[in-house]
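Colleague: Enclosed is the structure file my_file25.cif (mmCIF, N, CA and C atoms).
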```cif
data_upload
#
loop_
_atom_site.group_PDB
_atom_site.id
_atom_site.type_symbol
_atom_site.label_atom_id
_atom_site.label_comp_id
_atom_site.auth_asym_id
_atom_site.auth_seq_id
_atom_site.Cartn_x
_atom_site.Cartn_y
_atom_site.Cartn_z
ATOM 1 N N MET Q 1 0.853 -1.183 0.000
ATOM 2 C CA MET Q 1 0.000 0.000 0.000
ATOM 3 C C MET Q 1 0.895 1.241 0.000
ATOM 4 N N PRO Q 2 0.646 2.183 -0.912
ATOM 5 C CA PRO Q 2 1.508 3.364 -0.971
ATOM 6 C C PRO Q 2 1.270 4.286 0.222
ATOM 7 N N LYS Q 3 2.319 4.997 0.566
ATOM 8 C CA LYS Q 3 2.198 5.971 1.649
ATOM 9 C C LYS Q 3 1.322 7.123 1.200
ATOM 10 N N LEU Q 4 0.608 7.712 2.152
ATOM 11 C CA LEU Q 4 -0.252 8.852 1.845
ATOM 12 C C LEU Q 4 0.562 10.000 1.269
ATOM 13 N N SER Q 5 1.763 10.202 1.797
ATOM 14 C CA SER Q 5 2.588 11.304 1.312
ATOM 15 C C SER Q 5 3.018 11.089 -0.134
ATOM 16 N N SER Q 6 3.177 9.826 -0.558
ATOM 17 C CA SER Q 6 3.574 9.584 -1.942
ATOM 18 C C SER Q 6 2.418 9.802 -2.908
ATOM 19 N N ILE Q 7 1.198 9.635 -2.427
ATOM 20 C CA ILE Q 7 0.031 9.860 -3.287
ATOM 21 C C ILE Q 7 -0.057 11.327 -3.675
ATOM 22 N N PHE Q 8 0.212 12.203 -2.721
ATOM 23 C CA PHE Q 8 0.061 13.630 -2.965
ATOM 24 C C PHE Q 8 1.381 14.327 -3.254
ATOM 25 N N SER Q 9 2.466 13.566 -3.419
ATOM 26 C CA SER Q 9 3.749 14.216 -3.680
ATOM 27 C C SER Q 9 3.707 14.863 -5.058
ATOM 28 N N GLY Q 10 4.239 16.048 -5.135
ATOM 29 C CA GLY Q 10 4.275 16.767 -6.398
ATOM 30 C C GLY Q 10 3.018 17.555 -6.686
ATOM 31 N N VAL Q 11 1.995 17.412 -5.866
ATOM 32 C CA VAL Q 11 0.771 18.175 -6.076
ATOM 33 C C VAL Q 11 0.985 19.572 -5.524
ATOM 34 N N ARG Q 12 0.826 20.546 -6.370
ATOM 35 C CA ARG Q 12 0.993 21.940 -5.952
ATOM 36 C C ARG Q 12 -0.292 22.694 -6.273
ATOM 37 N N TYR Q 13 -0.903 23.234 -5.261
ATOM 38 C CA TYR Q 13 -2.153 23.952 -5.461
ATOM 39 C C TYR Q 13 -1.922 25.435 -5.712
ATOM 40 N N GLY Q 14 -0.774 25.940 -5.272
ATOM 41 C CA GLY Q 14 -0.439 27.341 -5.515
ATOM 42 C C GLY Q 14 -1.500 28.287 -5.018
ATOM 43 N N ARG Q 15 -1.976 29.109 -5.912
ATOM 44 C CA ARG Q 15 -2.941 30.137 -5.520
ATOM 45 C C ARG Q 15 -4.314 29.570 -5.211
ATOM 46 N N TYR Q 16 -4.549 28.305 -5.528
ATOM 47 C CA TYR Q 16 -5.847 27.685 -5.261
ATOM 48 C C TYR Q 16 -5.879 26.942 -3.929
ATOM 49 N N ASP Q 17 -4.838 27.047 -3.141
ATOM 50 C CA ASP Q 17 -4.725 26.306 -1.885
ATOM 51 C C ASP Q 17 -5.908 26.573 -0.958
ATOM 52 N N LYS Q 18 -6.288 27.806 -0.804
ATOM 53 C CA LYS Q 18 -7.389 28.130 0.112
ATOM 54 C C LYS Q 18 -8.711 27.581 -0.416
ATOM 55 N N LEU Q 19 -8.901 27.597 -1.732
ATOM 56 C CA LEU Q 19 -10.116 27.013 -2.304
ATOM 57 C C LEU Q 19 -10.171 25.504 -2.075
ATOM 58 N N VAL Q 20 -9.027 24.857 -2.182
ATOM 59 C CA VAL Q 20 -8.970 23.414 -1.912
ATOM 60 C C VAL Q 20 -9.348 23.149 -0.462
ATOM 61 N N HIS Q 21 -8.829 23.946 0.465
ATOM 62 C CA HIS Q 21 -9.183 23.797 1.879
ATOM 63 C C HIS Q 21 -10.679 24.040 2.087
ATOM 64 N N PHE Q 22 -11.204 25.089 1.471
ATOM 65 C CA PHE Q 22 -12.616 25.430 1.610
ATOM 66 C C PHE Q 22 -13.505 24.277 1.148
ATOM 67 N N PHE Q 23 -13.285 23.804 -0.068
ATOM 68 C CA PHE Q 23 -14.162 22.779 -0.626
ATOM 69 C C PHE Q 23 -13.934 21.404 0.000
ATOM 70 N N ALA Q 24 -12.725 21.102 0.393
ATOM 71 C CA ALA Q 24 -12.478 19.820 1.060
ATOM 72 C C ALA Q 24 -13.194 19.779 2.410
ATOM 73 N N SER Q 25 -13.100 20.852 3.174
ATOM 74 C CA SER Q 25 -13.794 20.895 4.466
ATOM 75 C C SER Q 25 -15.304 20.895 4.285
ATOM 76 N N ALA Q 26 -15.783 21.598 3.272
ATOM 77 C CA ALA Q 26 -17.220 21.598 3.000
ATOM 78 C C ALA Q 26 -17.690 20.199 2.626
ATOM 79 N N ALA Q 27 -16.912 19.502 1.804
ATOM 80 C CA ALA Q 27 -17.294 18.149 1.398
ATOM 81 C C ALA Q 27 -17.305 17.190 2.586
ATOM 82 N N ILE Q 28 -16.316 17.309 3.449
ATOM 83 C CA ILE Q 28 -16.278 16.448 4.636
ATOM 84 C C ILE Q 28 -17.473 16.742 5.537
ATOM 85 N N ALA Q 29 -17.808 18.021 5.684
ATOM 86 C CA ALA Q 29 -18.968 18.384 6.504
ATOM 87 C C ALA Q 29 -20.254 17.824 5.910
ATOM 88 N N VAL Q 30 -20.414 17.905 4.599
ATOM 89 C CA VAL Q 30 -21.625 17.393 3.943
ATOM 90 C C VAL Q 30 -21.741 15.880 4.125
ATOM 91 N N ILE Q 31 -20.613 15.201 4.156
ATOM 92 C CA ILE Q 31 -20.645 13.752 4.371
ATOM 93 C C ILE Q 31 -21.136 13.419 5.779
ATOM 94 N N PHE Q 32 -20.684 14.182 6.766
ATOM 95 C CA PHE Q 32 -21.006 13.848 8.158
ATOM 96 C C PHE Q 32 -22.281 14.509 8.686
ATOM 97 N N LEU Q 33 -22.765 15.564 8.053
ATOM 98 C CA LEU Q 33 -23.965 16.245 8.564
ATOM 99 C C LEU Q 33 -25.208 15.351 8.625
ATOM 100 N N PRO Q 34 -25.443 14.470 7.669
ATOM 101 C CA PRO Q 34 -26.640 13.618 7.783
ATOM 102 C C PRO Q 34 -26.559 12.557 8.882
ATOM 103 N N ILE Q 35 -25.353 12.238 9.348
ATOM 104 C CA ILE Q 35 -25.240 11.127 10.289
ATOM 105 C C ILE Q 35 -24.807 11.547 11.695
ATOM 106 N N LEU Q 36 -24.363 12.783 11.854
ATOM 107 C CA LEU Q 36 -23.937 13.270 13.164
ATOM 108 C C LEU Q 36 -24.670 14.567 13.506
ATOM 109 N N PRO Q 37 -24.795 14.871 14.787
ATOM 110 C CA PRO Q 37 -25.336 16.189 15.150
ATOM 111 C C PRO Q 37 -24.426 17.296 14.606
ATOM 112 N N LEU Q 38 -25.019 18.434 14.350
ATOM 113 C CA LEU Q 38 -24.310 19.537 13.708
ATOM 114 C C LEU Q 38 -22.989 19.902 14.376
ATOM 115 N N PRO Q 39 -22.928 20.093 15.696
ATOM 116 C CA PRO Q 39 -21.632 20.467 16.290
ATOM 117 C C PRO Q 39 -20.553 19.414 16.098
ATOM 118 N N GLN Q 40 -20.945 18.144 16.183
ATOM 119 C CA GLN Q 40 -19.960 17.073 16.010
ATOM 120 C C GLN Q 40 -19.494 16.974 14.564
ATOM 121 N N ALA Q 41 -20.406 17.119 13.616
ATOM 122 C CA ALA Q 41 -20.023 17.070 12.202
ATOM 123 C C ALA Q 41 -19.100 18.233 11.852
ATOM 124 N N ALA Q 42 -19.404 19.416 12.365
ATOM 125 C CA ALA Q 42 -18.556 20.581 12.098
ATOM 126 C C ALA Q 42 -17.185 20.418 12.737
ATOM 127 N N ALA Q 43 -17.159 19.947 13.967
ATOM 128 C CA ALA Q 43 -15.874 19.762 14.659
ATOM 129 C C ALA Q 43 -15.035 18.683 13.977
ATOM 130 N N LEU Q 44 -15.668 17.615 13.542
ATOM 131 C CA LEU Q 44 -14.934 16.548 12.869
ATOM 132 C C LEU Q 44 -14.347 17.045 11.549
ATOM 133 N N SER Q 45 -15.135 17.784 10.808
ATOM 134 C CA SER Q 45 -14.652 18.323 9.540
ATOM 135 C C SER Q 45 -13.484 19.284 9.752
ATOM 136 N N LEU Q 46 -13.615 20.158 10.729
ATOM 137 C CA LEU Q 46 -12.545 21.106 11.012
ATOM 138 C C LEU Q 46 -11.301 20.389 11.541
ATOM 139 N N SER Q 47 -11.496 19.299 12.256
ATOM 140 C CA SER Q 47 -10.342 18.566 12.782
ATOM 141 C C SER Q 47 -9.503 17.943 11.669
ATOM 142 N N PHE Q 48 -10.115 17.600 10.538
ATOM 143 C CA PHE Q 48 -9.354 17.112 9.398
ATOM 144 C C PHE Q 48 -8.402 18.194 8.893
ATOM 145 N N GLY Q 49 -8.874 19.429 8.807
ATOM 146 C CA GLY Q 49 -8.019 20.530 8.370
ATOM 147 C C GLY Q 49 -6.896 20.815 9.348
ATOM 148 N N ILE Q 50 -7.203 20.752 10.635
ATOM 149 C CA ILE Q 50 -6.176 20.975 11.651
ATOM 150 C C ILE Q 50 -5.139 19.852 11.608
ATOM 151 N N ALA Q 51 -5.610 18.621 11.435
ATOM 152 C CA ALA Q 51 -4.686 17.492 11.340
ATOM 153 C C ALA Q 51 -3.776 17.628 10.127
ATOM 154 N N LYS Q 52 -4.307 18.112 9.028
ATOM 155 C CA LYS Q 52 -3.493 18.298 7.829
ATOM 156 C C LYS Q 52 -2.427 19.358 8.067
ATOM 157 N N GLU Q 53 -2.793 20.441 8.741
ATOM 158 C CA GLU Q 53 -1.811 21.493 9.032
ATOM 159 C C GLU Q 53 -0.741 20.996 10.004
ATOM 160 N N LEU Q 54 -1.146 20.203 10.987
ATOM 161 C CA LEU Q 54 -0.162 19.622 11.907
ATOM 162 C C LEU Q 54 0.779 18.675 11.173
ATOM 163 N N TYR Q 55 0.234 17.911 10.240
ATOM 164 C CA TYR Q 55 1.070 17.036 9.422
ATOM 165 C C TYR Q 55 2.096 17.853 8.633
ATOM 166 N N ASP Q 56 1.636 18.916 8.001
ATOM 167 C CA ASP Q 56 2.560 19.782 7.249
ATOM 168 C C ASP Q 56 3.652 20.333 8.154
ATOM 169 N N TRP Q 57 3.261 20.766 9.316
ATOM 170 C CA TRP Q 57 4.191 21.433 10.227
ATOM 171 C C TRP Q 57 5.198 20.456 10.830
ATOM 172 N N LEU Q 58 4.715 19.304 11.270
ATOM 173 C CA LEU Q 58 5.580 18.378 11.994
ATOM 174 C C LEU Q 58 6.372 17.438 11.092
ATOM 175 N N TRP Q 59 5.757 16.929 10.030
ATOM 176 C CA TRP Q 59 6.425 15.906 9.236
ATOM 177 C C TRP Q 59 6.921 16.408 7.888
ATOM 178 N N ARG Q 60 6.300 17.406 7.334
ATOM 179 C CA ARG Q 60 6.774 17.926 6.063
ATOM 180 C C ARG Q 60 7.655 19.149 6.268
ATOM 181 N N HIS Q 61 7.832 19.533 7.526
ATOM 182 C CA HIS Q 61 8.668 20.677 7.912
ATOM 183 C C HIS Q 61 8.246 21.958 7.203
ATOM 184 N N GLY Q 62 6.957 22.093 7.038
ATOM 185 C CA GLY Q 62 6.403 23.316 6.480
ATOM 186 C C GLY Q 62 5.999 24.235 7.611
ATOM 187 N N SER Q 63 4.946 24.930 7.390
ATOM 188 C CA SER Q 63 4.460 25.826 8.431
ATOM 189 C C SER Q 63 2.981 25.546 8.677
ATOM 190 N N PHE Q 64 2.540 25.887 9.863
ATOM 191 C CA PHE Q 64 1.133 25.782 10.219
ATOM 192 C C PHE Q 64 0.473 27.063 9.738
ATOM 193 N N ASP Q 65 -0.388 26.964 8.748
ATOM 194 C CA ASP Q 65 -0.991 28.145 8.125
ATOM 195 C C ASP Q 65 -2.383 28.393 8.705
ATOM 196 N N TRP Q 66 -2.486 29.453 9.486
ATOM 197 C CA TRP Q 66 -3.772 29.797 10.094
ATOM 198 C C TRP Q 66 -4.797 30.210 9.046
ATOM 199 N N TYR Q 67 -4.345 30.733 7.915
ATOM 200 C CA TYR Q 67 -5.286 31.096 6.854
ATOM 201 C C TYR Q 67 -5.931 29.852 6.237
ATOM 202 N N ASP Q 68 -5.202 28.742 6.216
ATOM 203 C CA ASP Q 68 -5.801 27.485 5.765
ATOM 204 C C ASP Q 68 -6.895 27.041 6.731
ATOM 205 N N ILE Q 69 -6.656 27.211 8.019
ATOM 206 C CA ILE Q 69 -7.674 26.867 9.012
ATOM 207 C C ILE Q 69 -8.900 27.769 8.859
ATOM 208 N N CYS Q 70 -8.673 29.035 8.567
ATOM 209 C CA CYS Q 70 -9.791 29.953 8.316
ATOM 210 C C CYS Q 70 -10.586 29.508 7.088
ATOM 211 N N ALA Q 71 -9.887 29.085 6.035
ATOM 212 C CA ALA Q 71 -10.572 28.584 4.838
ATOM 213 C C ALA Q 71 -11.353 27.314 5.164
ATOM 214 N N ASP Q 72 -10.785 26.454 6.003
ATOM 215 C CA ASP Q 72 -11.500 25.247 6.447
ATOM 216 C C ASP Q 72 -12.770 25.628 7.204
ATOM 217 N N ALA Q 73 -12.648 26.570 8.111
ATOM 218 C CA ALA Q 73 -13.808 26.995 8.912
ATOM 219 C C ALA Q 73 -14.891 27.612 8.025
ATOM 220 N N CYS Q 74 -14.487 28.383 7.033
ATOM 221 C CA CYS Q 74 -15.466 28.972 6.106
ATOM 222 C C CYS Q 74 -16.157 27.884 5.289
ATOM 223 N N GLY Q 75 -15.423 26.872 4.889
ATOM 224 C CA GLY Q 75 -16.021 25.757 4.161
ATOM 225 C C GLY Q 75 -17.031 25.003 5.003
ATOM 226 N N VAL Q 76 -16.695 24.777 6.264
ATOM 227 C CA VAL Q 76 -17.619 24.103 7.180
ATOM 228 C C VAL Q 76 -18.866 24.960 7.390
ATOM 229 N N ALA Q 77 -18.676 26.254 7.580
ATOM 230 C CA ALA Q 77 -19.813 27.158 7.789
ATOM 231 C C ALA Q 77 -20.712 27.203 6.557
ATOM 232 N N ALA Q 78 -20.121 27.268 5.376
ATOM 233 C CA ALA Q 78 -20.917 27.306 4.149
ATOM 234 C C ALA Q 78 -21.694 26.013 3.951
ATOM 235 N N ALA Q 79 -21.056 24.888 4.204
ATOM 236 C CA ALA Q 79 -21.737 23.603 4.055
ATOM 237 C C ALA Q 79 -22.864 23.465 5.073
ATOM 238 N N THR Q 80 -22.602 23.906 6.281
ATOM 239 C CA THR Q 80 -23.626 23.838 7.326
ATOM 240 C C THR Q 80 -24.819 24.721 6.979
ATOM 241 N N ALA Q 81 -24.538 25.927 6.500
ATOM 242 C CA ALA Q 81 -25.625 26.835 6.106
ATOM 243 C C ALA Q 81 -26.414 26.269 4.932
ATOM 244 N N ALA Q 82 -25.717 25.761 3.938
ATOM 245 C CA ALA Q 82 -26.400 25.185 2.778
ATOM 246 C C ALA Q 82 -27.227 23.968 3.181
ATOM 247 N N TYR Q 83 -26.682 23.156 4.054
ATOM 248 C CA TYR Q 83 -27.412 21.978 4.525
ATOM 249 C C TYR Q 83 -28.655 22.403 5.312
ATOM 250 N N GLY Q 84 -28.507 23.423 6.140
ATOM 251 C CA GLY Q 84 -29.640 23.912 6.916
ATOM 252 C C GLY Q 84 -30.737 24.497 6.057
ATOM 253 N N VAL Q 85 -30.384 25.084 4.931
ATOM 254 C CA VAL Q 85 -31.375 25.649 4.017
ATOM 255 C C VAL Q 85 -31.996 24.547 3.162
ATOM 256 N N MET Q 86 -31.171 23.619 2.691
ATOM 257 C CA MET Q 86 -31.656 22.611 1.764
ATOM 258 C C MET Q 86 -32.436 21.480 2.436
ATOM 259 N N LEU Q 87 -32.121 21.165 3.677
ATOM 260 C CA LEU Q 87 -32.791 20.043 4.341
ATOM 261 C C LEU Q 87 -34.305 20.234 4.425
ATOM 262 N N PRO Q 88 -34.811 21.397 4.895
ATOM 263 C CA PRO Q 88 -36.272 21.551 4.928
ATOM 264 C C PRO Q 88 -36.912 21.488 3.540
ATOM 265 N N ILE Q 89 -36.213 21.996 2.537
ATOM 266 C CA ILE Q 89 -36.758 21.943 1.163
ATOM 267 C C ILE Q 89 -36.834 20.498 0.686
ATOM 268 N N MET Q 90 -35.788 19.727 0.960
ATOM 269 C CA MET Q 90 -35.801 18.321 0.548
ATOM 270 C C MET Q 90 -36.872 17.532 1.300
ATOM 271 N N LEU Q 91 -37.053 17.840 2.576
ATOM 272 C CA LEU Q 91 -38.063 17.115 3.356
ATOM 273 C C LEU Q 91 -39.463 17.455 2.896
ATOM 274 N N ARG Q 92 -39.691 18.722 2.540
ATOM 275 C CA ARG Q 92 -41.016 19.141 2.027
ATOM 276 C C ARG Q 92 -41.320 18.451 0.700
ATOM 277 N N SER Q 93 -40.332 18.403 -0.181
ATOM 278 C CA SER Q 93 -40.582 17.823 -1.500
ATOM 279 C C SER Q 93 -40.709 16.301 -1.429
ATOM 280 N N ALA Q 94 -40.107 15.676 -0.423
ATOM 281 C CA ALA Q 94 -40.207 14.214 -0.283
ATOM 282 C C ALA Q 94 -41.550 13.796 0.306
ATOM 283 N N GLY Q 95 -42.156 14.684 1.065
ATOM 284 C CA GLY Q 95 -43.388 14.308 1.771
ATOM 285 C C GLY Q 95 -44.595 14.745 1.104
#
```
Kindly present the structure from the file in structure tokens form.

Modeller:
Amino acid sequence: MPKLSSIFSGVRYGRYDKLVHFFASAAIAVIFLPILPLPQAAALSLSFGIAKELYDWLWRHGSFDWYDICADACGVAAATAAYGVMLPIMLRSAG
């Protein structure tokens, strides 16, 4: 089984880094929102972003980027808001 670091080696997001953080956190939140209570789904999604930054800082000898965490938090907030708006609409149309 290949190492996780080898899967993503050479991937450079450049100026799109914050967008990748935003959409990745939003996607993780959307996955967990239907099965977990809102605070737990949001915390779990945000913890993935924090874990990624810790990985960069400790093992890749990069830096811990607080702006990436902000992008993660915005992605979680956007997904939560969209889910909160769309859920009642989906429930109305299903019933």

Colleague: Quick one, how far is atom C of Lys18 of chain Q from atom CA of Ile50 of chain Q?

Modeller: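 According to the coordinates, atom C of Lys18 of chain Q and atom CA of Ile50 of chain Q are separated by 14.0 Å.
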
Colleague: Using DSSP on the backbone, list every residue of chain Q that comes out as helix (DSSP H, G or I), and give them as a PyMOL selection string.

Modeller: chain Q and resi 4-7+14-32+38-58+66-94

Colleague: Please indicate the distance in Å from atom CA of Glu53 of chain Q to atom CA of Ile69 of chain Q, rounded to one decimal place.

Modeller: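 Separating atom CA of Glu53 of chain Q from atom CA of Ile69 of chain Q is a distance of 8.0 Å.
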
Colleague: Show me, as an MDAnalysis selection string, the residues that have an atom within 12 Å of Lys52 of chain Q when counting only C-alpha atoms, minus same-chain residues fewer than 5 positions from it.

Modeller: chainID Q and resid 4:5 21 24:25 45:47 57:60 62:66 68:69 72

Colleague: Between atom N of Ala29 of chain Q and atom CA of Gly84 of chain Q, measure the distance and give it in Å to one decimal.

Modeller: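 These two atoms are separated by 13.3 Å.
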
Colleague: Find, counting only N, CA and C atoms, the residue in Q:Phe22, Q:Ala41, Q:Arg92, Q:Phe32 that gets nearest to Cys70 of chain Q.

Modeller: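 For Cys70 of chain Q, the nearest of the given residues is Q:Phe22.
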
Colleague: With distances taken over only C-alpha atoms, which residue among Q:Gly49, Q:Pro39, Q:Pro34, Q:Gly75 lies nearest Leu19 of chain Q?

Modeller: Q:Gly75
